[in-house]
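In what follows, a single structure is set out as structure tokens and then discussed.
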Amino acid sequence: MDAYWITEKNHPSEIHWHGVSRFYYTGQSPFQKIEVIESSFYGKCLILDGRIQSSEKDEFIYHEAIVHPALVLNPSKQKKVLIMGGAEGATLREVLRHKDVKEAVMVDIDGEVVRVSKEFLPEWHQGSFEDHRTKLIIDDARAYLERTEDQFDVIISDLSEPMEGSPAVKLFTYEFYNIVKQHLKENGIFVMQAGTTHHLKIYFHAVMNSTLRAIFKKVRSYQAYVPAYDFIWSFIFASDKIDPKEYSEKEIDDILKNKGLEGLKFYDGETHKMMFSLPKNLRNIIEKEDRVAYDNAPLYAVED
């Protein structure tokens, strides 16, 4: 019987309890509370400010979903990839599965979470921080992009949703996504985690989609169920050149075969088609949304 419980409030009238059988680490960084715990159901988990970021038993779903559609469809044979966030190293791990990735730059503001992840979450990063292609930078992602002149084939935003007072707030705005676009090559792809597509909480995702539509020519929402989150989780794929819905199951499977990536746990051609096939009610909400998040009028991912 678990002696301690972590309670996540998904709504003022909805909570999710996670039983804790062991604490591996608990501490505080300058930005957030950090915990690594053992859940009887999900295995080892990373908890930030009381909310599960990823769990041992299903992190592969989230991390394969955020990485592989963009990495599979970008045509460059010498890919340079930027990861914003992703302290656990699992997004980095999935990026480095692609042998045509020549450099993976990972920028995370919280060096303490990276340190804790390196020590306590080897199942996540699997040595990816030591790969010769990895360049780890501890910094604010916007500050980094504002000063670098580097161009990338793929930029991945694996950042926590913005809460009021969080340094992440200005990483989810029209101005920031314009900076992102300026650092993408001609066939570049931007992908972001974009909250839940639960139909009662989809407003944040819908506004992010609308904001990106004001910048990119091809913007597609997609989703995957991540059990530890207790929600369908969402992502947005944005590009001026590449539309992920134009690819068949066979075309995706053929690309994966040619890249030697047939052994993924979650992602393949059939999964690709499923993720980008949203139900009608969600499509209607997203298509009708026309609000845009700006630096001076940001959107907060509140819980109610």
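Residues in the structure tokens are numbered from 1 in each chain, the chains being A, B, ... in the order shown, and ligands are numbered from 1 in the order shown.
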
Q) Hey, what's within 8 Å of Val101 in chain A if we count only C-alpha atoms and toss same-chain stuff fewer than 2 positions away? As an MDAnalysis selection string, please? A) chainID A and resid 77:81 95:96 98:99 103:104 133

Atoms to include: all heavy atoms. Write the selected residues as a short mmCIF file (atom, residue, chain, number, x, y, z; two decimals), in the first residue's frame.
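Generated file (out.cif):
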```
data_model
loop_
_atom_site.label_atom_id
_atom_site.label_comp_id
_atom_site.auth_asym_id
_atom_site.auth_seq_id
_atom_site.Cartn_x
_atom_site.Cartn_y
_atom_site.Cartn_z
N LYS A 77 19.76 15.62 -45.51
CA LYS A 77 20.61 14.45 -45.22
C LYS A 77 21.68 14.78 -44.19
O LYS A 77 22.46 13.91 -43.80
CB LYS A 77 21.28 13.94 -46.51
CG LYS A 77 20.30 13.59 -47.61
CD LYS A 77 19.32 12.51 -47.19
CE LYS A 77 18.38 12.13 -48.33
NZ LYS A 77 17.34 11.16 -47.89
N GLN A 78 21.77 16.05 -43.79
CA GLN A 78 22.74 16.51 -42.80
C GLN A 78 21.99 17.40 -41.81
O GLN A 78 22.17 18.61 -41.77
CB GLN A 78 23.86 17.29 -43.47
CG GLN A 78 24.67 16.50 -44.48
CD GLN A 78 25.72 15.63 -43.82
OE1 GLN A 78 26.30 16.00 -42.81
NE2 GLN A 78 25.98 14.46 -44.38
N LYS A 79 21.15 16.79 -41.01
CA LYS A 79 20.22 17.57 -40.18
C LYS A 79 20.91 18.23 -38.98
O LYS A 79 21.71 17.61 -38.28
CB LYS A 79 19.08 16.68 -39.67
CG LYS A 79 18.09 16.22 -40.72
CD LYS A 79 16.96 15.43 -40.10
CE LYS A 79 15.91 15.00 -41.10
NZ LYS A 79 16.43 14.14 -42.17
N LYS A 80 20.51 19.48 -38.76
CA LYS A 80 20.85 20.19 -37.53
C LYS A 80 19.55 20.47 -36.81
O LYS A 80 18.64 21.08 -37.37
CB LYS A 80 21.59 21.49 -37.84
CG LYS A 80 22.07 22.22 -36.59
CD LYS A 80 23.00 23.37 -36.95
CE LYS A 80 23.53 24.04 -35.70
NZ LYS A 80 24.52 25.10 -36.01
N VAL A 81 19.44 20.01 -35.57
CA VAL A 81 18.18 20.04 -34.82
C VAL A 81 18.38 20.85 -33.54
O VAL A 81 19.39 20.71 -32.85
CB VAL A 81 17.71 18.61 -34.47
CG1 VAL A 81 16.42 18.65 -33.65
CG2 VAL A 81 17.53 17.79 -35.74
N VAL A 95 15.79 12.06 -31.09
CA VAL A 95 16.40 12.80 -32.21
C VAL A 95 17.66 12.07 -32.68
O VAL A 95 17.89 11.91 -33.89
CB VAL A 95 16.74 14.24 -31.77
CG1 VAL A 95 17.68 14.92 -32.78
CG2 VAL A 95 15.45 15.06 -31.63
N LEU A 96 18.46 11.61 -31.75
CA LEU A 96 19.75 10.99 -32.11
C LEU A 96 19.59 9.60 -32.70
O LEU A 96 20.56 9.03 -33.22
CB LEU A 96 20.66 10.94 -30.88
CG LEU A 96 21.11 12.32 -30.36
CD1 LEU A 96 21.89 12.16 -29.06
CD2 LEU A 96 21.94 13.05 -31.40
N HIS A 98 18.14 9.17 -35.33
CA HIS A 98 18.25 9.46 -36.76
C HIS A 98 19.72 9.68 -37.12
O HIS A 98 20.34 10.65 -36.70
CB HIS A 98 17.42 10.70 -37.11
CG HIS A 98 15.95 10.49 -36.95
ND1 HIS A 98 15.10 10.30 -38.02
CD2 HIS A 98 15.16 10.40 -35.85
CE1 HIS A 98 13.86 10.12 -37.59
NE2 HIS A 98 13.88 10.18 -36.27
N LYS A 99 20.25 8.78 -37.93
CA LYS A 99 21.67 8.84 -38.27
C LYS A 99 22.01 10.03 -39.14
O LYS A 99 23.18 10.42 -39.25
CB LYS A 99 22.10 7.54 -38.97
CG LYS A 99 21.85 6.28 -38.14
CD LYS A 99 22.48 6.37 -36.76
CE LYS A 99 22.23 5.09 -35.97
NZ LYS A 99 22.71 5.20 -34.57
N GLU A 103 24.03 17.29 -35.85
CA GLU A 103 24.19 18.06 -34.61
C GLU A 103 22.83 18.25 -33.96
O GLU A 103 21.85 18.57 -34.65
CB GLU A 103 24.83 19.42 -34.87
CG GLU A 103 25.08 20.19 -33.57
CD GLU A 103 25.78 21.53 -33.80
OE1 GLU A 103 25.72 22.05 -34.94
OE2 GLU A 103 26.39 22.04 -32.85
N ALA A 104 22.77 18.04 -32.64
CA ALA A 104 21.55 18.26 -31.88
C ALA A 104 21.88 19.24 -30.76
O ALA A 104 22.64 18.91 -29.84
CB ALA A 104 21.01 16.95 -31.31
N ARG A 133 27.36 14.20 -31.03
CA ARG A 133 26.55 15.13 -31.81
C ARG A 133 25.78 16.11 -30.93
O ARG A 133 25.18 17.07 -31.44
CB ARG A 133 25.56 14.35 -32.68
CG ARG A 133 26.22 13.49 -33.75
CD ARG A 133 25.20 12.58 -34.41
NE ARG A 133 24.72 11.55 -33.50
CZ ARG A 133 23.67 10.76 -33.74
NH1 ARG A 133 22.97 10.90 -34.86
NH2 ARG A 133 23.32 9.83 -32.86
#
```

**Q.** DSSP helix (DSSP H, G or I) residues within range 36-256 of chain A, listed as number ranges by chain
**A.** A: 59-73, 90-96, 111-120, 122-125, 128-130, 141-147, 169-171, 174-182, 203-213, 227-229, 244-246, 249-256

Q) Would you give me, as a PyMOL selection string, the residues in range 122-245 of chain A that DSSP reads as strand (DSSP E or B)? A) chain A and resi 134-138+152-158+184-196+218-226+231-239

Generate the output file for the selected residues, N, CA and C atoms, as a tab-separated table (two decimals), in the first residue's frame.
```tsv
chain	number	residue	atom	x	y	z
A	134	THR	N	25.78	15.88	-29.62
A	134	THR	CA	24.99	16.70	-28.70
A	134	THR	C	25.75	17.94	-28.27
A	135	LYS	N	25.05	19.07	-28.28
A	135	LYS	CA	25.56	20.33	-27.74
A	135	LYS	C	24.54	20.83	-26.72
A	136	LEU	N	24.87	20.73	-25.44
A	136	LEU	CA	23.95	21.12	-24.37
A	136	LEU	C	24.25	22.54	-23.92
A	137	ILE	N	23.21	23.38	-23.89
A	137	ILE	CA	23.33	24.78	-23.47
A	137	ILE	C	22.31	25.05	-22.37
A	138	ILE	N	22.75	25.54	-21.23
A	138	ILE	CA	21.84	25.92	-20.15
A	138	ILE	C	21.56	27.41	-20.30
A	152	PHE	N	18.45	25.90	-38.52
A	152	PHE	CA	18.15	24.52	-38.18
A	152	PHE	C	17.17	23.92	-39.18
A	153	ASP	N	17.28	22.60	-39.35
A	153	ASP	CA	16.33	21.88	-40.19
A	153	ASP	C	15.04	21.60	-39.43
A	154	VAL	N	15.17	21.31	-38.14
A	154	VAL	CA	14.02	21.03	-37.28
A	154	VAL	C	14.24	21.74	-35.94
A	155	ILE	N	13.21	22.40	-35.45
A	155	ILE	CA	13.22	22.98	-34.12
A	155	ILE	C	12.06	22.36	-33.34
A	156	ILE	N	12.37	21.83	-32.17
A	156	ILE	CA	11.38	21.14	-31.33
A	156	ILE	C	11.22	21.93	-30.03
A	157	SER	N	9.98	22.30	-29.72
A	157	SER	CA	9.68	22.96	-28.46
A	157	SER	C	9.07	21.94	-27.50
A	158	ASP	N	9.90	21.47	-26.56
A	158	ASP	CA	9.47	20.52	-25.54
A	158	ASP	C	9.43	21.26	-24.20
A	184	LEU	N	14.83	28.75	-39.10
A	184	LEU	CA	14.57	27.52	-39.84
A	184	LEU	C	15.08	27.64	-41.27
A	185	LYS	N	15.64	26.56	-41.77
A	185	LYS	CA	16.06	26.51	-43.18
A	185	LYS	C	14.82	26.43	-44.08
A	186	GLU	N	15.05	26.45	-45.39
A	186	GLU	CA	13.95	26.53	-46.36
A	186	GLU	C	12.91	25.44	-46.16
A	187	ASN	N	13.33	24.20	-45.95
A	187	ASN	CA	12.41	23.09	-45.73
A	187	ASN	C	12.22	22.79	-44.24
A	188	GLY	N	12.46	23.80	-43.42
A	188	GLY	CA	12.45	23.60	-41.98
A	188	GLY	C	11.08	23.27	-41.42
A	189	ILE	N	11.10	22.58	-40.28
A	189	ILE	CA	9.88	22.16	-39.58
A	189	ILE	C	10.01	22.57	-38.12
A	190	PHE	N	8.95	23.15	-37.61
A	190	PHE	CA	8.84	23.45	-36.18
A	190	PHE	C	7.76	22.55	-35.60
A	191	VAL	N	8.04	21.94	-34.45
A	191	VAL	CA	7.03	21.12	-33.77
A	191	VAL	C	7.06	21.48	-32.28
A	192	MET	N	5.88	21.51	-31.68
A	192	MET	CA	5.79	21.87	-30.27
A	192	MET	C	4.80	20.98	-29.55
A	193	GLN	N	5.04	20.77	-28.24
A	193	GLN	CA	4.00	20.19	-27.41
A	193	GLN	C	3.05	21.33	-27.11
A	194	ALA	N	1.75	21.05	-27.15
A	194	ALA	CA	0.76	22.13	-27.10
A	194	ALA	C	-0.41	21.81	-26.18
A	195	GLY	N	-0.12	21.17	-25.04
A	195	GLY	CA	-1.17	20.93	-24.07
A	195	GLY	C	-2.11	19.81	-24.49
A	196	THR	N	-3.23	19.75	-23.82
A	196	THR	CA	-4.20	18.70	-24.10
A	196	THR	C	-5.20	19.12	-25.17
A	218	LYS	N	1.70	25.96	-43.47
A	218	LYS	CA	1.11	24.63	-43.22
A	218	LYS	C	1.23	24.33	-41.73
A	219	VAL	N	0.07	24.27	-41.07
A	219	VAL	CA	0.03	24.04	-39.62
A	219	VAL	C	-0.94	22.90	-39.35
A	220	ARG	N	-0.46	21.86	-38.68
A	220	ARG	CA	-1.29	20.68	-38.41
A	220	ARG	C	-1.21	20.30	-36.94
A	221	SER	N	-2.36	20.17	-36.31
A	221	SER	CA	-2.43	19.65	-34.95
A	221	SER	C	-2.43	18.12	-34.99
A	222	TYR	N	-1.82	17.51	-33.99
A	222	TYR	CA	-1.91	16.06	-33.85
A	222	TYR	C	-1.88	15.69	-32.38
A	223	GLN	N	-2.21	14.44	-32.07
A	223	GLN	CA	-2.39	14.06	-30.68
A	223	GLN	C	-2.05	12.59	-30.43
A	224	ALA	N	-1.79	12.31	-29.15
A	224	ALA	CA	-1.53	10.93	-28.71
A	224	ALA	C	-1.95	10.82	-27.26
A	225	TYR	N	-2.50	9.69	-26.89
A	225	TYR	CA	-2.90	9.49	-25.49
A	225	TYR	C	-1.69	9.06	-24.68
A	226	VAL	N	-1.40	9.83	-23.63
A	226	VAL	CA	-0.30	9.52	-22.72
A	226	VAL	C	-0.92	9.16	-21.36
A	231	PHE	N	-4.74	12.30	-20.00
A	231	PHE	CA	-5.34	13.11	-21.05
A	231	PHE	C	-4.78	12.68	-22.41
A	232	ILE	N	-5.55	12.96	-23.45
A	232	ILE	CA	-4.97	13.02	-24.80
A	232	ILE	C	-4.05	14.22	-24.83
A	233	TRP	N	-2.80	14.02	-25.27
A	233	TRP	CA	-1.86	15.14	-25.32
A	233	TRP	C	-1.63	15.56	-26.76
A	234	SER	N	-1.28	16.82	-26.96
A	234	SER	CA	-1.26	17.35	-28.32
A	234	SER	C	0.07	17.97	-28.71
A	235	PHE	N	0.24	18.08	-30.01
A	235	PHE	CA	1.43	18.65	-30.62
A	235	PHE	C	0.98	19.45	-31.84
A	236	ILE	N	1.83	20.35	-32.28
A	236	ILE	CA	1.56	21.10	-33.51
A	236	ILE	C	2.78	21.04	-34.41
A	237	PHE	N	2.55	20.74	-35.67
A	237	PHE	CA	3.57	20.63	-36.71
A	237	PHE	C	3.39	21.84	-37.62
A	238	ALA	N	4.47	22.62	-37.82
A	238	ALA	CA	4.36	23.84	-38.63
A	238	ALA	C	5.53	23.93	-39.61
A	239	SER	N	5.20	24.29	-40.85
A	239	SER	CA	6.21	24.39	-41.90
A	239	SER	C	5.64	25.23	-43.04
```

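The gap separating CA of Ser117 in chain A from CA of Leu46 in chain A is 8.3 Å, in Å to one decimal.
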
Q: Kindly indicate which residue among A:Ile215, A:Ile37, A:Leu48, A:Ala65 lies nearest to Thr271 in chain A, using only C-alpha atoms for the distances.
A: A:Ala65

Q.
I'd like the neighbourhood of Glu175 in chain A as a ChimeraX atom specification, where a residue qualifies if any of its atoms comes within 9 Å (using only C-alpha atoms), though same-chain residues fewer than 6 positions away should be ignored.
A. /A:293-295

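Among the candidate residues A:Tyr4, A:Phe60, A:Tyr24, A:Phe31, the one lying nearest to Tyr267 in chain A is A:Phe60, with distances computed using only C-alpha atoms.
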
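Once Phe176 in chain A and its same-chain neighbours fewer than 3 positions away are set aside, Ala141, Arg142, Ala143, Tyr144, Leu145, Glu146, Ser157, Ala168, Val169, Lys170, Leu171, Phe172, Thr173, Ile179, Val180, Lys181, Gln182, His183, Met208, Thr211, Leu212, Ile215, Ala293, Tyr294, Asp295, Asn296 and Pro298 of chain A remain within 12 Å of it when counting only C-alpha atoms.
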
(Q) Ranking A:His68, A:Lys280, A:Lys33, A:His63 by minimum distance to Glu262 in chain A and counting only C-alpha atoms, which one comes first? (A) A:His68

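Using only C-alpha atoms, the shortest contact distance between Phe216 in chain A and any of A:Ala301, A:Ile242, A:Leu73, A:Ser39 is found at A:Ile242.
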
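The space separating CA of Asn74 in chain A from CA of Asp268 in chain A comes to 15.8 Å.
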
Determine, using only C-alpha atoms, which residues of range 10-83 of chain A have any atom at most 9 Å from an atom of range 121-132 of chain A, and tabulate each with its shortest atom pair and distance in Å to one decimal place, rows ordered by chain and then rising number, as JSON lines.
```
{"residue": "A:Val36", "atom": "CA", "partner": "A:Leu121", "partner_atom": "CA", "distance": 8.4}
{"residue": "A:Lys44", "atom": "CA", "partner": "A:Leu121", "partner_atom": "CA", "distance": 8.2}
{"residue": "A:Cys45", "atom": "CA", "partner": "A:Leu121", "partner_atom": "CA", "distance": 8.7}
{"residue": "A:Leu46", "atom": "CA", "partner": "A:Leu121", "partner_atom": "CA", "distance": 8.3}
{"residue": "A:Glu56", "atom": "CA", "partner": "A:Glu123", "partner_atom": "CA", "distance": 7.5}
{"residue": "A:Glu59", "atom": "CA", "partner": "A:Trp124", "partner_atom": "CA", "distance": 8.0}
{"residue": "A:Phe60", "atom": "CA", "partner": "A:Trp124", "partner_atom": "CA", "distance": 8.7}
```

Q. Any idea what's packed within 7 Å of Ile47 in chain A, counting only C-alpha atoms, ignoring anything in its chain fewer than 5 positions away? Could you give it as a list in words?
A. Ile34, Glu35, Val36, Ile52 and Gln53 of chain A

Let's have the selection written as a CSV table (one decimal), in the first residue's frame, with C-alpha atoms.
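Result written to out34.csv:
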```csv
chain,number,residue,atom,x,y,z
A,34,ILE,CA,12.0,18.7,-8.6
A,35,GLU,CA,11.0,15.2,-7.6
A,36,VAL,CA,11.9,11.8,-8.9
A,52,ILE,CA,4.1,14.5,-13.8
A,53,GLN,CA,6.4,15.4,-16.7
```

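Of the listed residues A:Ile109, A:Ile255, A:Ile66, A:Leu200, the one whose atoms come nearest to Pro30 in chain A is A:Ile109, with distances taken using only C-alpha atoms.
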
Contacts of Leu159 in chain A at 7 Å (only C-alpha atoms; same-chain gap of 3+ positions) as a short mmCIF file (atom, residue, chain, number, x, y, z; two decimals) with N, CA, C and O atoms, in the first residue's frame:
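Full text of around_39.cif as output:
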```
data_model
loop_
_atom_site.label_atom_id
_atom_site.label_comp_id
_atom_site.auth_asym_id
_atom_site.auth_seq_id
_atom_site.Cartn_x
_atom_site.Cartn_y
_atom_site.Cartn_z
N MET A 84 14.30 22.74 -27.60
CA MET A 84 14.11 23.72 -26.54
C MET A 84 13.39 23.02 -25.38
O MET A 84 12.28 22.52 -25.54
N GLY A 85 14.05 22.96 -24.22
CA GLY A 85 13.51 22.18 -23.11
C GLY A 85 13.98 20.75 -23.20
O GLY A 85 15.08 20.46 -23.68
N GLY A 86 13.15 19.83 -22.68
CA GLY A 86 13.48 18.40 -22.78
C GLY A 86 14.56 17.94 -21.83
O GLY A 86 15.42 17.12 -22.19
#
```
